[in-house]
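Containing mmCIF, C-alpha atoms: entry-v7.cif.
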```
data_data
#
loop_
_atom_site.group_PDB
_atom_site.id
_atom_site.type_symbol
_atom_site.label_atom_id
_atom_site.label_comp_id
_atom_site.auth_asym_id
_atom_site.auth_seq_id
_atom_site.Cartn_x
_atom_site.Cartn_y
_atom_site.Cartn_z
ATOM 1 C CA MET A 1 30.403 -67.538 5.457
ATOM 2 C CA GLY A 2 26.956 -66.514 6.577
ATOM 3 C CA ILE A 3 25.600 -63.147 7.579
ATOM 4 C CA ASP A 4 26.310 -62.084 11.138
ATOM 5 C CA LEU A 5 22.739 -61.119 11.997
ATOM 6 C CA LYS A 6 23.546 -60.187 15.579
ATOM 7 C CA ALA A 7 26.064 -57.617 14.400
ATOM 8 C CA GLY A 8 23.492 -55.863 12.226
ATOM 9 C CA GLY A 9 23.011 -58.383 9.452
ATOM 10 C CA LYS A 10 22.134 -57.545 5.912
ATOM 11 C CA SER A 11 21.164 -53.925 5.296
ATOM 12 C CA LYS A 12 18.043 -53.900 3.127
ATOM 13 C CA LYS A 13 17.581 -50.147 3.274
ATOM 14 C CA THR A 14 18.125 -48.768 -0.203
ATOM 15 C CA LYS A 15 16.624 -45.322 0.342
ATOM 16 C CA ARG A 16 19.043 -42.399 0.245
ATOM 17 C CA THR A 17 19.656 -40.722 3.575
ATOM 18 C CA ALA A 18 21.614 -37.795 2.119
ATOM 19 C CA PRO A 19 22.029 -36.318 -1.351
ATOM 20 C CA LYS A 20 25.040 -37.559 -3.349
ATOM 21 C CA SER A 21 25.340 -34.302 -5.236
ATOM 22 C CA ASN A 22 27.532 -31.450 -4.022
ATOM 23 C CA ASP A 23 24.892 -28.957 -5.121
ATOM 24 C CA ILE A 24 24.398 -26.535 -2.275
ATOM 25 C CA TYR A 25 20.671 -25.850 -2.505
ATOM 26 C CA PRO A 26 19.196 -29.300 -1.776
ATOM 27 C CA GLN A 27 21.644 -29.650 1.156
ATOM 28 C CA SER A 28 21.092 -26.102 2.298
ATOM 29 C CA PRO A 29 19.204 -24.777 5.309
ATOM 30 C CA CYS A 30 16.110 -26.044 3.517
ATOM 31 C CA GLN A 31 17.168 -29.687 3.905
ATOM 32 C CA ALA A 32 18.424 -29.108 7.452
ATOM 33 C CA HIS A 33 15.102 -27.454 8.272
ATOM 34 C CA TYR A 34 13.095 -30.458 7.065
ATOM 35 C CA GLU A 35 15.425 -33.001 8.727
ATOM 36 C CA THR A 36 15.864 -31.421 12.126
ATOM 37 C CA PHE A 37 12.813 -29.269 12.600
ATOM 38 C CA THR A 38 9.775 -29.924 10.433
ATOM 39 C CA ILE A 39 9.548 -33.728 10.229
ATOM 40 C CA PRO A 40 10.396 -34.604 13.862
ATOM 41 C CA ARG A 41 8.113 -31.891 15.274
ATOM 42 C CA THR A 42 5.161 -32.310 12.928
ATOM 43 C CA GLY A 43 5.336 -35.999 11.993
ATOM 44 C CA SER A 44 4.027 -34.848 8.623
ATOM 45 C CA ASN A 45 4.037 -37.331 5.758
ATOM 46 C CA PHE A 46 4.167 -34.434 3.259
ATOM 47 C CA ASN A 47 7.460 -33.205 4.700
ATOM 48 C CA ALA A 48 8.941 -36.708 4.681
ATOM 49 C CA VAL A 49 8.101 -37.002 0.966
ATOM 50 C CA ILE A 50 9.692 -33.605 0.248
ATOM 51 C CA LEU A 51 12.883 -34.633 2.050
ATOM 52 C CA LYS A 52 12.987 -37.978 0.218
ATOM 53 C CA ARG A 53 12.665 -36.180 -3.122
ATOM 54 C CA LEU A 54 15.352 -33.636 -2.192
ATOM 55 C CA PHE A 55 17.772 -36.560 -1.817
ATOM 56 C CA MET A 56 16.934 -37.990 -5.259
ATOM 57 C CA SER A 57 19.252 -37.955 -8.266
ATOM 58 C CA LYS A 58 18.656 -35.498 -11.096
ATOM 59 C CA VAL A 59 17.041 -38.187 -13.303
ATOM 60 C CA ASN A 60 14.454 -38.741 -10.571
ATOM 61 C CA ARG A 61 13.747 -35.007 -10.262
ATOM 62 C CA PRO A 62 12.442 -34.354 -13.793
ATOM 63 C CA PRO A 63 11.526 -30.813 -14.866
ATOM 64 C CA ILE A 64 7.892 -29.811 -15.271
ATOM 65 C CA SER A 65 6.744 -27.341 -17.913
ATOM 66 C CA LEU A 66 4.525 -24.338 -17.339
ATOM 67 C CA SER A 67 1.791 -25.885 -19.511
ATOM 68 C CA ARG A 68 1.609 -29.026 -17.321
ATOM 69 C CA LEU A 69 1.633 -26.876 -14.213
ATOM 70 C CA ILE A 70 -1.332 -24.864 -15.514
ATOM 71 C CA LYS A 71 -3.196 -28.043 -16.512
ATOM 72 C CA PHE A 72 -2.757 -29.677 -13.102
ATOM 73 C CA MET A 73 -3.588 -26.497 -11.160
ATOM 74 C CA LYS A 74 -6.859 -25.726 -12.973
ATOM 75 C CA GLY A 75 -9.651 -25.603 -10.417
ATOM 76 C CA LYS A 76 -7.136 -25.549 -7.550
ATOM 77 C CA GLU A 77 -6.818 -21.773 -7.268
ATOM 78 C CA GLY A 78 -5.463 -20.634 -3.918
ATOM 79 C CA LYS A 79 -3.338 -23.762 -3.492
ATOM 80 C CA ILE A 80 0.443 -23.880 -3.759
ATOM 81 C CA ALA A 81 2.006 -26.149 -6.395
ATOM 82 C CA VAL A 82 5.082 -27.937 -5.020
ATOM 83 C CA VAL A 83 7.695 -29.315 -7.427
ATOM 84 C CA VAL A 84 10.939 -30.879 -6.210
ATOM 85 C CA GLY A 85 12.701 -30.060 -9.458
ATOM 86 C CA THR A 86 12.844 -27.350 -12.116
ATOM 87 C CA VAL A 87 9.932 -25.400 -13.570
ATOM 88 C CA THR A 88 10.543 -24.622 -17.249
ATOM 89 C CA ASP A 89 8.816 -22.230 -19.626
ATOM 90 C CA ASP A 90 6.524 -23.362 -22.441
ATOM 91 C CA ILE A 91 6.154 -20.917 -25.333
ATOM 92 C CA ARG A 92 3.054 -22.762 -26.588
ATOM 93 C CA VAL A 93 1.085 -21.346 -23.640
ATOM 94 C CA TYR A 94 -0.292 -17.836 -24.084
ATOM 95 C CA GLU A 95 -2.227 -17.273 -20.873
ATOM 96 C CA VAL A 96 -0.560 -18.092 -17.571
ATOM 97 C CA LEU A 97 -2.670 -18.389 -14.425
ATOM 98 C CA ALA A 98 -1.736 -16.526 -11.230
ATOM 99 C CA LEU A 99 0.022 -19.527 -9.682
ATOM 100 C CA LYS A 100 1.840 -19.929 -6.403
ATOM 101 C CA VAL A 101 4.676 -22.336 -7.135
ATOM 102 C CA THR A 102 7.431 -23.770 -4.945
ATOM 103 C CA ALA A 103 10.343 -25.382 -6.789
ATOM 104 C CA LEU A 104 14.058 -26.037 -6.519
ATOM 105 C CA ARG A 105 14.696 -23.943 -9.629
ATOM 106 C CA PHE A 106 12.813 -21.808 -12.142
ATOM 107 C CA THR A 107 14.122 -20.968 -15.581
ATOM 108 C CA GLU A 108 14.414 -17.218 -16.079
ATOM 109 C CA THR A 109 11.474 -16.985 -18.489
ATOM 110 C CA ALA A 110 9.237 -19.275 -16.418
ATOM 111 C CA ARG A 111 9.821 -17.136 -13.301
ATOM 112 C CA ALA A 112 9.179 -13.926 -15.259
ATOM 113 C CA ARG A 113 5.910 -15.219 -16.766
ATOM 114 C CA ILE A 114 4.554 -16.537 -13.439
ATOM 115 C CA GLU A 115 5.319 -13.259 -11.670
ATOM 116 C CA LYS A 116 3.936 -11.168 -14.550
ATOM 117 C CA ALA A 117 0.627 -13.062 -14.284
ATOM 118 C CA GLY A 118 0.430 -12.114 -10.594
ATOM 119 C CA GLY A 119 1.739 -15.408 -9.273
ATOM 120 C CA GLU A 120 4.530 -16.199 -6.837
ATOM 121 C CA CYS A 121 7.726 -18.250 -7.083
ATOM 122 C CA LEU A 122 8.615 -19.608 -3.647
ATOM 123 C CA THR A 123 11.579 -21.454 -2.205
ATOM 124 C CA PHE A 124 11.204 -24.468 0.091
ATOM 125 C CA ASP A 125 12.285 -22.317 3.071
ATOM 126 C CA GLN A 126 9.356 -19.980 2.389
ATOM 127 C CA LEU A 127 6.998 -22.945 1.928
ATOM 128 C CA ALA A 128 8.047 -24.398 5.303
ATOM 129 C CA LEU A 129 6.963 -21.156 6.981
ATOM 130 C CA ARG A 130 3.690 -20.826 5.043
ATOM 131 C CA ALA A 131 2.558 -24.449 5.097
ATOM 132 C CA PRO A 132 4.515 -26.378 7.744
ATOM 133 C CA LEU A 133 2.287 -29.449 7.309
ATOM 134 C CA GLY A 134 1.744 -29.043 3.582
ATOM 135 C CA GLN A 135 -1.731 -27.570 3.985
ATOM 136 C CA ASN A 136 -3.337 -26.365 0.730
ATOM 137 C CA THR A 137 -0.515 -27.665 -1.422
ATOM 138 C CA VAL A 138 -0.480 -29.824 -4.540
ATOM 139 C CA LEU A 139 2.605 -32.027 -4.877
ATOM 140 C CA LEU A 140 3.562 -32.438 -8.541
ATOM 141 C CA ARG A 141 6.224 -34.214 -10.586
ATOM 142 C CA GLY A 142 7.449 -33.925 -14.159
ATOM 143 C CA PRO A 143 7.378 -36.798 -16.667
ATOM 144 C CA LYS A 144 10.290 -39.063 -15.717
ATOM 145 C CA ASN A 145 10.319 -41.047 -18.959
ATOM 146 C CA ALA A 146 10.364 -38.056 -21.289
ATOM 147 C CA ARG A 147 14.173 -38.189 -21.517
ATOM 148 C CA GLU A 148 15.770 -38.942 -24.873
ATOM 149 C CA ALA A 149 17.736 -41.808 -23.266
ATOM 150 C CA VAL A 150 14.512 -43.701 -22.416
ATOM 151 C CA LYS A 151 13.690 -44.061 -26.127
ATOM 152 C CA HIS A 152 16.722 -46.355 -26.468
ATOM 153 C CA PHE A 153 15.615 -48.736 -23.677
ATOM 154 C CA GLY A 154 13.741 -51.961 -24.380
ATOM 155 C CA PRO A 155 14.114 -54.937 -26.725
ATOM 156 C CA ALA A 156 16.904 -54.486 -29.246
ATOM 157 C CA PRO A 157 16.082 -52.352 -32.279
ATOM 158 C CA GLY A 158 15.407 -54.651 -35.225
ATOM 159 C CA VAL A 159 13.786 -57.377 -33.114
ATOM 160 C CA PRO A 160 10.172 -58.016 -34.229
ATOM 161 C CA HIS A 161 7.636 -55.659 -32.577
ATOM 162 C CA SER A 162 10.392 -53.511 -31.065
ATOM 163 C CA ASN A 163 9.911 -49.755 -31.075
ATOM 164 C CA THR A 164 13.287 -49.097 -29.491
ATOM 165 C CA LYS A 165 15.285 -46.285 -31.053
ATOM 166 C CA PRO A 166 18.679 -47.404 -32.381
ATOM 167 C CA TYR A 167 21.900 -45.579 -31.537
ATOM 168 C CA VAL A 168 22.667 -44.636 -35.115
ATOM 169 C CA ARG A 169 24.516 -41.641 -36.522
ATOM 170 C CA SER A 170 21.879 -40.768 -39.088
ATOM 171 C CA LYS A 171 18.556 -42.011 -40.448
ATOM 172 C CA GLY A 172 19.315 -42.412 -44.132
ATOM 173 C CA ARG A 173 19.688 -44.846 -47.038
ATOM 174 C CA LYS A 174 23.137 -46.009 -45.936
ATOM 175 C CA PHE A 175 22.419 -46.544 -42.245
ATOM 176 C CA GLU A 176 21.140 -49.838 -40.795
ATOM 177 C CA ARG A 177 19.429 -50.838 -44.014
ATOM 178 C CA ALA A 178 21.243 -54.114 -44.835
ATOM 179 C CA ARG A 179 20.732 -57.613 -43.363
ATOM 180 C CA GLY A 180 17.444 -57.939 -41.545
ATOM 181 C CA ARG A 181 16.073 -54.812 -43.169
ATOM 182 C CA ARG A 182 15.802 -55.918 -46.836
ATOM 183 C CA ASN A 183 14.542 -59.125 -48.463
ATOM 184 C CA SER A 184 17.548 -59.122 -50.776
ATOM 185 C CA LYS A 185 19.921 -59.194 -47.819
ATOM 186 C CA GLY A 186 19.076 -62.341 -45.887
ATOM 187 C CA PHE A 187 15.687 -61.486 -44.407
ATOM 188 C CA ARG A 188 13.437 -58.555 -43.596
ATOM 189 C CA VAL A 189 11.864 -57.932 -40.189
#
```

Kindly return the structure encoded in the file as structure tokens.
Amino acid sequence: MGIDLKAGGKSKKTKRTAPKSNDIYPQSPCQAHYETFTIPRTGSNFNAVILKRLFMSKVNRPPISLSRLIKFMKGKEGKIAVVVGTVTDDIRVYEVLALKVTALRFTETARARIEKAGGECLTFDQLALRAPLGQNTVLLRGPKNAREAVKHFGPAPGVPHSNTKPYVRSKGRKFERARGRRNSKGFRV
């Protein structure tokens, strides 16, 4: 059996065309606004990227901390930071700049600190009215590989030159310290 190319053939499109999640906000008026109004009328690449990121899974929408936000926005005063994800607080930062930030979510403390510093926390609906083409915006993302799960990916733990974290209950004398870990027990890596 071959592929019936005339009938549409093999679909090679792997990009999401709608969010899988039942979360209301990414599918809300905001998404409808970008799909039906902003992108077709403006042809803006910025808006297409925003829509693509709104469709992404939670793993691909990593949170960004206040400290990273401040670092990336230094020297870009007057511009709006755009994060398709969550903005979280960072207690290691003492002075917060007066930032204008658009994000899907803000943690309570992050929102309070931004607003206390004279900044603004915007929604994507508000951003679409202020910057329909993404003028004076800085599109940012959090660190995707900062998840705990990523530490366990890679060559098996115990293989030479592997820095992969083992799935082990505890890191003690009795755990994963036998064969392959001691000269007296076969060999030592």

- Taking the file above as input, evaluate the PyMOL selection byres ((chain A and resi 167) around 12) and report the hits as a ChimeraX atom specification. /A:148-153,156-158,164-166,168-171,175-176

- Message: Report, in Å to a single decimal, how far apart atom CA of A:Val159 and atom CA of A:Arg179 are.
- Response: 12.4 Å

- Task: With a distance cut-off of 10 Å and only C-alpha atoms, select the neighbouring residues of A:Asp89, excluding the residue or stretch itself and same-chain residues fewer than 2 positions from it, and output the selection as a list in words.
- Result: Ile64, Ser65, Leu66, Ser67, Thr86, Val87, Ile91, Arg92, Val93, Phe106, Thr107, Glu108, Thr109, Ala110, Arg111, Ala112, Arg113 and Ile114 of chain A

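Candidate residues A:Leu133, A:Ala81, A:Leu104, A:Val59 were compared for distance to A:Arg147, and the nearest is A:Val59, using only C-alpha atoms.
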
- Message: Considering all atoms listed in the file, can you say which of A:Arg173, A:Asn145, A:Ile70, A:Ala128 comes closest to A:Ser44?
- Response: A:Ala128

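Residue nearest A:Thr88 within the list A:Lys71, A:Pro63, A:Lys58, A:Pro40: A:Pro63 [criterion: smallest interatomic distance, only C-alpha atoms].
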
- Between A:Lys12, A:Pro132, A:Leu69, A:Lys174, which one has atoms that come closest to A:Ala48, using only C-alpha atoms?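 Ranked by minimum distance to A:Ala48, first place goes to A:Pro132.
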
- Task: Could you check how far atom CA of A:Arg105 sits from atom CA of A:Ala117, in Å to one decimal?
- Result: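 Spanning atom CA of A:Arg105 to atom CA of A:Ala117 is a straight-line distance of 18.4 Å.
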
Can you sort out the box for stretch 52-56 of chain A, edges along x, y and z, all listed atoms in, 5 Å on every side, with centre and edge lengths in Å to one decimal, as JSON?
```
{"center_x": 15.2, "center_y": -35.8, "center_z": -2.5, "size_x": 15.1, "size_y": 14.4, "size_z": 15.5}
```

- Query: Closest to A:Leu127 among A:Ser21, A:Ser162, A:Ser57, A:Asn47, using all atoms listed in the file?
  - Reply: A:Asn47

- Task: Anything within 12 Å of (18.3, -43.3, 2.0): list those residues as a list in words, counting only C-alpha atoms and sticking to the file's coordinates.
- Result: Ser11, Lys12, Lys13, Thr14, Lys15, Arg16, Thr17, Ala18, Pro19, Lys20, Ala48, Leu51, Lys52, Arg53, Leu54, Phe55, Met56 and Ser57 of chain A

- Between atom CA of A:Asn22 and atom CA of A:Arg41 lies a distance of 27.4 Å

- Message: List as a VMD selection string the residues having at least one atom at most 12 Å from position (-0.9, -35.0, -6.6) as given in the file, counting all atoms listed in the file.
- Response: chain A and resid 46 49 69 72 to 73 76 79 to 83 136 to 142

- Determine the residue membership of the PyMOL selection byres ((chain A and resi 100) around 7) for the file above and supply it as a list in words.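 For this structure, the PyMOL selection byres ((chain A and resi 100) around 7) captures Ile80, Ala81, Ala98, Leu99, Val101, Thr102, Gly119, Glu120 and Cys121 of chain A.
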